[in-house]
file target.txt (compact mmCIF, C-alpha atoms)
# COMPACT_ATOMS: atom_id res chain seq x y z
CA MET J 1 96.09 91.33 123.44
CA ILE J 2 97.54 94.28 121.51
CA LYS J 3 94.93 96.76 120.28
CA VAL J 4 95.98 98.48 117.04
CA GLY J 5 94.12 101.30 115.34
CA ILE J 6 94.82 101.99 111.66
CA ILE J 7 93.70 105.45 110.61
CA GLY J 8 92.92 105.27 106.90
CA GLY J 9 91.50 102.43 104.82
CA GLY J 10 93.50 103.05 101.67
CA ALA J 11 96.12 100.73 100.23
CA SER J 12 98.70 101.15 103.00
CA GLY J 13 96.15 100.90 105.79
CA LEU J 14 94.63 97.73 104.38
CA PHE J 15 98.09 96.27 103.80
CA ALA J 16 98.88 96.90 107.45
CA ALA J 17 95.68 95.19 108.58
CA CYS J 18 96.45 92.14 106.42
CA LEU J 19 100.06 91.90 107.56
CA LEU J 20 99.19 92.30 111.23
CA LYS J 21 96.80 89.36 110.89
CA TYR J 22 99.36 87.36 108.92
CA LEU J 23 102.22 87.97 111.35
CA SER J 24 99.91 87.36 114.31
CA LYS J 25 99.31 83.86 112.97
CA GLN J 26 103.03 83.38 112.40
CA THR J 27 104.08 84.54 115.86
CA GLY J 28 101.11 83.45 117.96
CA LYS J 29 100.76 86.99 119.30
CA ASP J 30 97.16 88.08 119.93
CA VAL J 31 96.21 91.32 118.17
CA GLU J 32 92.96 93.22 117.65
CA VAL J 33 92.93 95.49 114.60
CA ILE J 34 90.45 98.20 113.74
CA VAL J 35 90.66 100.23 110.52
CA LEU J 36 89.06 103.67 110.79
CA GLU J 37 88.13 104.95 107.31
CA LYS J 38 86.77 108.47 106.72
CA THR J 39 84.72 107.67 103.57
CA ASP J 40 81.82 105.25 103.10
CA PHE J 41 84.03 102.35 102.00
CA ALA J 42 87.69 101.37 102.11
CA GLY J 43 90.09 101.10 99.19
CA LYS J 44 88.62 103.73 96.85
CA LYS J 45 91.96 105.00 95.55
CA LEU J 46 93.36 101.46 95.28
CA LEU J 47 90.74 100.79 92.60
CA LEU J 48 92.37 103.50 90.43
CA THR J 49 95.93 102.18 90.60
CA GLY J 50 97.57 100.87 87.45
CA HIS J 51 94.67 102.35 85.44
CA GLY J 52 92.36 99.95 87.25
CA ARG J 53 94.69 96.98 86.88
CA CYS J 54 96.62 97.36 90.19
CA ASN J 55 100.35 97.01 89.58
CA ILE J 56 101.12 95.64 93.07
CA THR J 57 104.91 95.50 92.83
CA ASN J 58 107.94 95.39 90.55
CA ASN J 59 110.00 92.19 90.62
CA LYS J 60 113.44 93.83 90.63
CA ASP J 61 116.34 93.33 92.98
CA VAL J 62 115.96 95.62 96.00
CA ARG J 63 119.30 97.34 95.29
CA ILE J 64 117.86 98.45 91.93
CA LEU J 65 114.36 99.03 93.22
CA LYS J 66 115.41 101.57 95.84
CA ASP J 67 116.68 103.94 93.15
CA GLY J 68 113.09 104.37 91.96
CA TYR J 69 112.27 106.31 95.13
CA HIS J 70 114.41 109.34 94.25
CA GLU J 71 115.71 111.10 97.36
CA ALA J 72 113.98 108.56 99.63
CA GLY J 73 115.87 105.52 98.29
CA ASN J 74 118.15 105.08 101.31
CA PHE J 75 115.24 105.63 103.70
CA MET J 76 113.19 102.91 101.97
CA TYR J 77 116.01 100.36 101.68
CA PRO J 78 115.60 98.62 105.09
CA ALA J 79 111.86 98.17 104.62
CA LEU J 80 112.29 96.95 101.04
CA LYS J 81 114.85 94.39 102.23
CA ALA J 82 112.55 93.24 105.02
CA PHE J 83 109.62 92.61 102.66
CA ASP J 84 110.90 92.48 99.11
CA PRO J 85 108.95 91.96 95.85
CA LYS J 86 109.38 88.16 95.91
CA MET J 87 107.94 88.07 99.44
CA VAL J 88 105.06 90.29 98.29
CA ILE J 89 104.28 87.94 95.40
CA ASP J 90 104.44 84.90 97.69
CA PHE J 91 102.21 86.63 100.27
CA PHE J 92 99.50 87.38 97.72
CA GLU J 93 99.66 83.98 96.06
CA SER J 94 100.04 81.75 99.14
CA GLU J 95 98.28 83.67 101.89
CA MET J 96 95.72 85.71 99.93
CA GLN J 97 95.09 82.98 97.33
CA MET J 98 95.45 85.46 94.46
CA SER J 99 97.31 84.50 91.29
CA THR J 100 99.70 87.07 89.86
CA VAL J 101 101.27 87.66 86.46
CA GLU J 102 104.53 89.37 85.50
CA GLN J 103 104.48 91.75 82.55
CA GLU J 104 106.85 94.11 80.76
CA ASN J 105 109.55 95.76 82.90
CA ASN J 106 109.07 93.31 85.81
CA ARG J 107 105.65 94.70 86.72
CA ILE J 108 103.46 92.37 88.78
CA PHE J 109 99.65 92.42 88.43
CA PRO J 110 96.83 90.24 89.70
CA ALA J 111 96.15 87.56 87.07
CA SER J 112 92.66 89.08 86.63
CA GLU J 113 94.28 92.47 85.86
CA LYS J 114 91.61 94.08 88.03
CA SER J 115 92.24 96.28 91.06
CA SER J 116 88.91 95.10 92.42
CA THR J 117 90.37 91.59 92.80
CA VAL J 118 93.15 92.87 95.08
CA LEU J 119 90.70 94.90 97.18
CA GLU J 120 88.24 92.02 97.46
CA LYS J 121 90.97 89.60 98.56
CA MET J 122 92.22 92.00 101.25
CA LEU J 123 88.76 92.81 102.60
CA ASN J 124 87.87 89.13 102.78
CA TYR J 125 91.17 88.37 104.50
CA ILE J 126 90.84 90.93 107.28
CA GLY J 127 87.04 90.63 107.67
CA ALA J 128 84.30 93.25 107.39
CA GLU J 129 84.14 93.64 111.18
CA THR J 130 87.66 95.07 111.12
CA ILE J 131 86.64 98.22 109.22
CA VAL J 132 84.72 101.19 110.62
CA THR J 133 83.64 103.64 107.91
CA SER J 134 82.69 107.33 108.11
CA PHE J 135 85.19 107.90 110.93
CA ASP J 136 86.86 111.23 110.17
CA CYS J 137 89.86 111.53 112.48
CA LYS J 138 90.52 115.01 113.85
CA ASP J 139 93.02 114.30 116.64
CA VAL J 140 95.39 111.76 118.15
CA VAL J 141 96.24 112.11 121.84
CA LEU J 142 98.62 110.20 124.13
CA ARG J 143 97.00 109.46 127.48
CA GLN J 144 98.36 107.20 130.24
CA GLY J 145 100.45 105.07 127.90
CA GLN J 146 97.70 104.61 125.33
CA VAL J 147 96.75 106.40 122.14
CA GLU J 148 93.33 108.01 121.80
CA VAL J 149 91.88 108.66 118.35
CA ILE J 150 89.12 111.26 118.23
CA SER J 151 86.72 111.79 115.30
CA LYS J 152 85.15 115.05 114.16
CA ASN J 153 81.94 113.77 115.75
CA ASN J 154 83.88 113.47 119.04
CA GLU J 155 83.80 109.67 119.02
CA THR J 156 86.88 108.40 120.88
CA ARG J 157 88.62 105.05 120.43
CA THR J 158 91.61 103.93 122.47
CA PHE J 159 94.49 101.75 121.27
CA ASP J 160 97.88 100.49 122.37
CA LYS J 161 99.38 101.43 118.99
CA VAL J 162 98.17 103.60 116.11
CA ILE J 163 99.22 103.51 112.45
CA LEU J 164 98.55 106.69 110.51
CA ALA J 165 97.86 105.75 106.87
CA MET J 166 95.61 108.62 105.85
CA GLY J 167 96.91 109.13 102.31
CA GLY J 168 98.24 112.11 100.40
CA LYS J 169 96.57 114.96 98.55
CA SER J 170 95.70 113.47 95.16
CA TYR J 171 92.24 112.30 94.07
CA PRO J 172 90.56 114.00 97.08
CA HIS J 173 87.17 112.39 96.35
CA THR J 174 88.72 109.08 97.50
CA GLY J 175 89.45 110.57 100.93
CA SER J 176 93.05 111.48 100.10
CA ASP J 177 92.41 115.21 100.55
CA GLY J 178 95.53 116.42 102.38
CA SER J 179 93.96 116.47 105.86
CA SER J 180 96.54 113.84 106.89
CA TYR J 181 99.29 116.44 106.76
CA LYS J 182 97.38 118.83 109.01
CA LEU J 183 97.05 116.11 111.61
CA ALA J 184 100.73 115.15 111.35
CA GLN J 185 101.68 118.81 111.72
CA LYS J 186 99.43 119.11 114.76
CA LEU J 187 101.34 116.18 116.26
CA GLY J 188 104.61 118.07 115.79
CA HIS J 189 105.81 116.68 112.47
CA THR J 190 107.35 118.81 109.74
CA ILE J 191 105.63 118.65 106.34
CA GLU J 192 107.79 118.95 103.25
CA PRO J 193 106.14 121.04 100.46
CA LEU J 194 103.47 119.17 98.52
CA ARG J 195 103.27 118.86 94.75
CA ALA J 196 102.06 116.45 92.09
CA SER J 197 103.97 113.29 91.22
CA LEU J 198 103.07 110.76 88.51
CA ALA J 199 100.85 113.37 86.85
CA SER J 200 99.91 114.46 83.36
CA VAL J 201 101.08 117.89 82.24
CA ASP J 202 98.95 120.59 80.61
CA VAL J 203 100.78 122.58 77.95
CA SER J 204 100.26 126.18 76.87
CA SER J 205 97.19 127.01 74.81
CA LYS J 206 99.42 127.62 71.79
CA ASP J 207 101.12 124.22 72.01
CA ARG J 208 97.87 122.45 72.88
CA GLU J 209 96.73 122.67 69.27
CA LEU J 210 99.47 120.20 68.31
CA THR J 211 98.88 117.77 71.18
CA SER J 212 95.12 117.86 70.59
CA ASN J 213 95.58 117.06 66.89
CA ILE J 214 97.45 113.85 67.76
CA SER J 215 95.67 112.98 70.99
CA GLY J 216 96.10 109.29 71.75
CA VAL J 217 99.41 108.93 69.91
CA SER J 218 102.27 107.42 71.90
CA VAL J 219 105.98 107.67 71.04
CA GLU J 220 109.26 106.78 72.75
CA ALA J 221 111.62 109.69 73.40
CA ASP J 222 114.09 111.39 75.68
CA ALA J 223 112.12 113.95 77.68
CA SER J 224 113.84 116.90 79.38
CA LEU J 225 112.46 119.56 81.71
CA PHE J 226 113.74 123.12 81.31
CA TYR J 227 113.14 126.20 83.41
CA ASP J 228 115.21 129.14 84.62
CA ARG J 229 117.09 128.90 81.30
CA ARG J 230 118.62 125.47 81.91
CA LYS J 231 117.88 121.74 81.84
CA GLN J 232 116.64 120.60 85.27
CA ALA J 233 115.75 116.93 84.73
CA LYS J 234 115.79 114.27 82.03
CA THR J 235 114.26 110.83 81.50
CA HIS J 236 113.48 108.37 78.73
CA GLY J 237 110.28 106.48 77.99
CA ASP J 238 106.90 106.53 76.34
CA VAL J 239 105.11 109.84 75.90
CA LEU J 240 101.36 110.05 75.27
CA PHE J 241 99.84 113.12 73.63
CA THR J 242 96.46 114.24 75.00
CA HIS J 243 93.83 116.91 74.32
CA ARG J 244 95.30 119.00 77.13
CA GLY J 245 98.97 118.18 76.79
CA LEU J 246 101.28 115.33 77.71
CA SER J 247 101.05 112.08 79.63
CA GLY J 248 102.66 108.63 79.77
CA PRO J 249 105.49 107.14 81.88
CA ALA J 250 108.19 109.64 80.85
CA ILE J 251 105.95 112.60 81.68
CA TYR J 252 104.85 111.03 84.97
CA GLU J 253 108.48 110.79 86.02
CA LEU J 254 109.25 114.42 85.09
CA SER J 255 106.08 115.79 86.70
CA ARG J 256 107.49 115.60 90.26
CA GLU J 257 110.29 117.98 89.23
CA ILE J 258 108.00 120.76 87.97
CA PRO J 259 107.87 123.63 90.52
CA LEU J 260 104.53 125.11 91.52
CA ASP J 261 105.48 128.50 90.02
CA ILE J 262 106.57 127.08 86.64
CA GLY J 263 104.34 129.60 84.83
CA SER J 264 106.63 132.46 85.89
CA ARG J 265 109.87 130.58 85.19
CA ASP J 266 109.66 130.08 81.42
CA GLY J 267 109.33 126.31 81.63
CA TRP J 268 109.02 123.74 78.87
CA ILE J 269 109.37 120.02 78.19
CA GLU J 270 111.58 119.11 75.24
CA PHE J 271 111.54 115.82 73.32
CA ASP J 272 114.37 114.13 71.48
CA PHE J 273 112.89 111.38 69.29
CA LEU J 274 116.31 110.24 68.06
CA PRO J 275 118.49 110.29 71.20
CA ASN J 276 121.13 108.01 69.69
CA CYS J 277 121.90 110.48 66.90
CA ARG J 278 123.56 113.88 67.07
CA ASP J 279 121.75 116.86 65.53
CA GLU J 280 124.01 116.93 62.47
CA GLU J 281 123.53 113.18 61.94
CA VAL J 282 119.76 113.59 61.79
CA ASP J 283 120.11 116.41 59.26
CA LEU J 284 122.45 114.30 57.11
CA SER J 285 120.07 111.35 57.34
CA LEU J 286 117.20 113.53 56.13
CA LEU J 287 119.32 114.87 53.29
CA ALA J 288 120.24 111.34 52.19
CA LYS J 289 116.58 110.25 52.18
CA ILE J 290 115.57 113.32 50.18
CA ASP J 291 118.27 112.66 47.58
CA GLU J 292 117.40 108.98 47.41
CA LYS J 293 113.63 109.39 46.93
CA PRO J 294 112.87 112.94 45.78
CA ASN J 295 109.31 112.02 44.70
CA ARG J 296 108.34 110.65 48.08
CA LYS J 297 105.87 112.69 50.14
CA LEU J 298 107.63 114.55 52.93
CA ILE J 299 105.19 113.38 55.62
CA ASN J 300 106.01 109.78 54.72
CA LEU J 301 109.74 110.45 54.68
CA THR J 302 109.66 112.05 58.15
CA GLY J 303 107.37 109.21 59.18
CA ASP J 304 110.43 106.95 59.10
CA TYR J 305 111.45 108.60 62.38
CA VAL J 306 108.17 109.23 64.25
CA PRO J 307 104.49 108.18 63.93
CA ALA J 308 102.80 109.51 60.79
CA SER J 309 100.45 111.88 62.62
CA LEU J 310 103.34 113.42 64.56
CA SER J 311 105.35 113.65 61.35
CA GLN J 312 102.56 115.70 59.80
CA GLU J 313 102.42 118.07 62.79
CA ILE J 314 106.20 118.58 62.72
CA ILE J 315 106.04 119.55 59.05
CA LYS J 316 103.13 121.92 59.77
CA LEU J 317 105.27 123.59 62.43
CA SER J 318 108.23 123.78 60.07
CA THR J 319 106.27 125.25 57.12
CA ASN J 320 103.53 127.16 58.96
CA LYS J 321 101.03 125.58 56.52
CA ALA J 322 97.74 123.91 57.41
CA ASP J 323 97.91 121.32 54.62
CA VAL J 324 101.28 119.65 54.09
CA THR J 325 100.09 116.41 52.50
CA GLN J 326 101.20 117.46 49.00
CA ILE J 327 104.75 118.55 49.87
CA TYR J 328 107.33 116.21 48.35
CA ALA J 329 110.93 115.51 49.32
CA LYS J 330 112.18 117.39 46.25
CA ASP J 331 110.36 120.54 47.50
CA THR J 332 112.43 120.56 50.70
CA ASP J 333 115.04 123.28 50.86
CA LYS J 334 117.82 123.55 53.43
CA SER J 335 115.87 125.74 55.87
CA LEU J 336 112.87 123.38 55.88
CA ARG J 337 115.13 120.36 56.32
CA LYS J 338 116.91 122.05 59.23
CA ALA J 339 113.58 122.96 60.83
CA ILE J 340 112.38 119.35 60.62
CA SER J 341 115.61 117.90 62.00
CA THR J 342 115.52 120.44 64.84
CA SER J 343 111.96 119.36 65.75
CA LEU J 344 112.98 115.71 65.72
CA LYS J 345 115.69 116.52 68.27
CA HIS J 346 114.25 119.49 70.20
CA LEU J 347 110.43 119.62 70.01
CA LYS J 348 109.30 121.98 72.79
CA PHE J 349 106.04 122.22 74.73
CA HIS J 350 105.66 125.16 77.09
CA MET J 351 103.82 125.12 80.43
CA GLU J 352 101.75 127.84 82.04
CA SER J 353 100.99 125.97 85.28
CA ALA J 354 102.22 123.07 87.39
CA PRO J 355 100.55 119.64 87.15
CA ASN J 356 97.26 119.37 89.03
CA ILE J 357 97.86 117.52 92.30
CA ASP J 358 94.17 116.56 92.50
CA THR J 359 94.58 114.24 89.49
CA ALA J 360 98.12 113.05 90.20
CA TYR J 361 98.59 109.39 91.00
CA CYS J 362 100.95 110.27 93.84
CA THR J 363 101.95 113.12 96.13
CA ARG J 364 105.50 114.40 96.41
CA GLY J 365 106.27 115.81 99.85
CA GLY J 366 104.78 114.96 103.24
CA VAL J 367 106.09 114.02 106.68
CA ARG J 368 109.83 114.69 106.90
CA LEU J 369 111.69 111.37 106.82
CA SER J 370 114.27 112.34 109.43
CA GLU J 371 111.39 112.31 111.95
CA ILE J 372 110.56 108.65 111.19
CA ASP J 373 112.51 105.52 112.17
CA LYS J 374 113.23 103.86 108.80
CA GLU J 375 113.58 100.43 110.42
CA THR J 376 110.06 100.48 111.92
CA MET J 377 108.18 103.52 110.50
CA ALA J 378 107.63 104.68 114.09
CA SER J 379 107.33 108.39 114.72
CA LYS J 380 110.37 109.69 116.59
CA LEU J 381 108.14 112.38 118.13
CA ILE J 382 105.11 110.46 119.43
CA ASP J 383 105.30 107.15 121.29
CA GLY J 384 103.04 104.42 119.95
CA VAL J 385 102.38 106.12 116.61
CA TYR J 386 103.59 104.93 113.19
CA ILE J 387 103.25 106.70 109.83
CA ILE J 388 103.14 104.93 106.45
CA GLY J 389 102.07 105.41 102.84
CA GLU J 390 101.60 108.70 101.06
CA MET J 391 101.69 110.66 104.30
CA LEU J 392 105.47 110.22 104.15
CA ASP J 393 107.75 112.21 101.87
CA VAL J 394 108.21 109.14 99.65
CA ASP J 395 107.11 108.87 96.03
CA GLY J 396 108.26 106.23 93.57
CA ILE J 397 108.29 106.02 89.81
CA SER J 398 105.45 104.25 88.02
CA GLY J 399 105.55 100.49 87.72
CA GLY J 400 104.46 99.12 91.11
CA TYR J 401 106.92 101.08 93.21
CA ASN J 402 104.42 102.97 95.34
CA LEU J 403 102.32 99.97 96.35
CA GLN J 404 105.53 98.05 97.10
CA ALA J 405 106.56 100.92 99.40
CA GLY J 406 103.22 100.74 101.22
CA LEU J 407 103.52 96.96 101.61
CA SER J 408 107.10 97.09 102.89
CA GLU J 409 106.30 99.91 105.32
CA ALA J 410 103.23 98.04 106.58
CA TYR J 411 105.30 94.91 107.10
CA VAL J 412 108.00 96.52 109.26
CA VAL J 413 105.35 98.33 111.30
CA SER J 414 103.46 95.08 111.90
CA LYS J 415 106.65 93.23 112.78
CA ASN J 416 107.65 95.94 115.28
CA ILE J 417 104.21 96.08 116.92
CA LEU J 418 104.15 92.30 117.40
CA GLY J 419 107.71 92.28 118.73

call {"tool": "encode", "arguments": {"input": "target.txt", "output": "structure tokens"}}
result
Amino acid sequence: MIKVGIIGGGASGLFAACLLKYLSKQTGKDVEVIVLEKTDFAGKKLLLTGHGRCNITNNKDVRILKDGYHEAGNFMYPALKAFDPKMVIDFFESEMQMSTVEQENNRIFPASEKSSTVLEKMLNYIGAETIVTSFDCKDVVLRQGQVEVISKNNETRTFDKVILAMGGKSYPHTGSDGSSYKLAQKLGHTIEPLRASLASVDVSSKDRELTSNISGVSVEADASLFYDRRKQAKTHGDVLFTHRGLSGPAIYELSREIPLDIGSRDGWIEFDFLPNCRDEEVDLSLLAKIDEKPNRKLINLTGDYVPASLSQEIIKLSTNKADVTQIYAKDTDKSLRKAISTSLKHLKFHMESAPNIDTAYCTRGGVRLSEIDKETMASKLIDGVYIIGEMLDVDGISGGYNLQAGLSEAYVVSKNILG
């Protein structure tokens, strides 16, 4: 009998419990698993994933998938190969009896499109007796070849192996409050600086008037991050305007690149709504449309390039007028035309602060990867201890990448523990 303690009942911890049970059946090895969760019930943050729909994986080839983990791609590759998206889908459908559906960009969801379905299936699979709630871990100690886990109430539990899956620093009310990093540091691990990843971005109070006016509007664009007087990162995708600023997949991807001190580094995000056209081509296109239909309203003409509400805001910016609904194409002089074409290619939104890590979907930073065995997720510093999930310095792009990482990590841990 191998006694395994899993510290943390979030997605990665529950995945590990499921996969230990699954592989135990496959190998005939006897294992006892206990999940120690600090809050009053397990899986709180899992319920938020995919906007409540739970995008469990992304059905891409592993060689492509690994590139979605930024600097951690090579670290993640062995685990992704060991338990790839097709194996994840088969595990949920065959073993967990949960139907899945594939949607745009290879994203895999439960057929119900409810995170609660995934959580319910996992809890039923591992059994209620496996989970101990309100156990707030304060220390992990090696003693005579075993691993002791001690709570803040001084309750001690002893295991042969321990998996640390205590989460990151985002959405602290779910238990993911950053205490995991303090414990890892206490155990000798190095913690890479923490910041928000997959987060919305608040813009300056001046620029917020525009985003608030078109809150809820989504548009596809190239999005570039600038600070220290140069372009630092670029992506392409959907952008969503909000009352406070910017959101959507393109913004989520850029958010991890925004430094904590962005307010003192003259930072902005710039949109190019016509990335396949050069600046002068956009200006010539506008000129041609103006000459062709001089009696057309300007907001409708510019609306050929971007949504109507955004078109109106661009013209407001270009004219400095509150009401632009009665401006016609024939009223457009060269300077106004140039201002509009510039906004279509270089619309800027300035930032006064970094994204809020408390409301980010993921944490960038965490336990330094060089201190973890990428084949097994075992700590290189503490015998019998493994670290998975958001505790590690691994963050993926949106689209099922982060849950896939947790599943693959949990699989290689479980396989290693069971020999």

call {"tool": "atom_distance", "arguments": {"input": "target.txt", "atom1": "CA of Ser200 (chain J)", "atom2": "CA of Gly73 (chain J)"}}
result
23.6 Å

call {"tool": "closest_residue", "arguments": {"input": "target.txt", "among": "J:Ile7, J:Val394, J:Ala322, J:Ala128", "to": "Glu409 (chain J)", "atoms": "all atoms listed in the file"}}
result
J:Val394

call {"tool": "closest_residue", "arguments": {"input": "target.txt", "among": "J:Ser12, J:Ser112, J:Gln146, J:Thr319", "to": "Arg53 (chain J)", "atoms": "all atoms listed in the file"}}
result
J:Ser112

call {"tool": "residues_around", "arguments": {"input": "target.txt", "residues": "Leu225 (chain J)", "least_positions_apart": "3", "cutoff": "9 Å", "atoms": "only C-alpha atoms", "output": "list in words"}}
result
Arg230, Lys231, Gln232, Ala233, Lys234, Thr235, Leu254, Ser255, Glu257, Ile258, Gly267, Trp268, Ile269 and Glu270 of chain J

call {"tool": "atom_distance", "arguments": {"input": "target.txt", "atom1": "CA of Gly400 (chain J)", "atom2": "CA of Ser215 (chain J)"}}
result
26.0 Å

call {"tool": "residues_around", "arguments": {"input": "target.txt", "residues": "region 177-180 of chain J", "least_positions_apart": "2", "cutoff": "7 Å", "atoms": "all atoms listed in the file", "output": "list in words"}}
result
Met166, Gly167, Gly168, Lys169, Ser170, Pro172, Gly175, Lys182, Leu183, Ala184 and Met391 of chain J

call {"tool": "residues_around", "arguments": {"input": "target.txt", "residues": "Arg296 (chain J)", "least_positions_apart": "6", "cutoff": "10 Å", "atoms": "all atoms listed in the file", "output": "ChimeraX atom specification"}}
result
/J:289-290,326-330

call {"tool": "residues_around", "arguments": {"input": "target.txt", "residues": "Gly384 (chain J)", "least_positions_apart": "2", "cutoff": "8 Å", "atoms": "all atoms listed in the file", "output": "count of residues only"}}
result
9

call {"tool": "residues_near_point", "arguments": {"input": "target.txt", "point": "(103.0, 97.6, 121.8)", "cutoff": "12 Å", "atoms": "all atoms listed in the file", "output": "MDAnalysis selection string"}}
result
chainID J and resid 1:5 29:32 145:147 159:163 378 383:386 413:419

call {"tool": "residues_around", "arguments": {"input": "target.txt", "residues": "region 202-207 of chain J", "least_positions_apart": "4", "cutoff": "7 Å", "atoms": "all atoms listed in the file", "output": "VMD selection string"}}
result
chain J and resid 211 244 to 246 349 to 352 355

call {"tool": "atom_distance", "arguments": {"input": "target.txt", "atom1": "CA of Asp40 (chain J)", "atom2": "CA of Phe135 (chain J)"}}
result
8.9 Å

call {"tool": "closest_residue", "arguments": {"input": "target.txt", "among": "J:Thr342, J:Thr376, J:Asn74, J:Asn124", "to": "Asp283 (chain J)", "atoms": "only C-alpha atoms"}}
result
J:Thr342

call {"tool": "closest_residue", "arguments": {"input": "target.txt", "among": "J:Ala165, J:Cys362, J:Ala11, J:Val140", "to": "Gly43 (chain J)", "atoms": "all atoms listed in the file"}}
result
J:Ala11

call {"tool": "closest_residue", "arguments": {"input": "target.txt", "among": "J:Gly366, J:Gly389, J:Gly50, J:Gly396", "to": "Leu194 (chain J)", "atoms": "all atoms listed in the file"}}
result
J:Gly366

call {"tool": "closest_residue", "arguments": {"input": "target.txt", "among": "J:Gly188, J:Gly399, J:Pro110, J:Gly263", "to": "Phe92 (chain J)", "atoms": "all atoms listed in the file"}}
result
J:Pro110

call {"tool": "residues_near_point", "arguments": {"input": "target.txt", "point": "(97.1, 116.2, 64.3)", "cutoff": "8 Å", "atoms": "all atoms listed in the file", "output": "PyMOL selection string"}}
result
chain J and resi 210-215+309-310+312-313
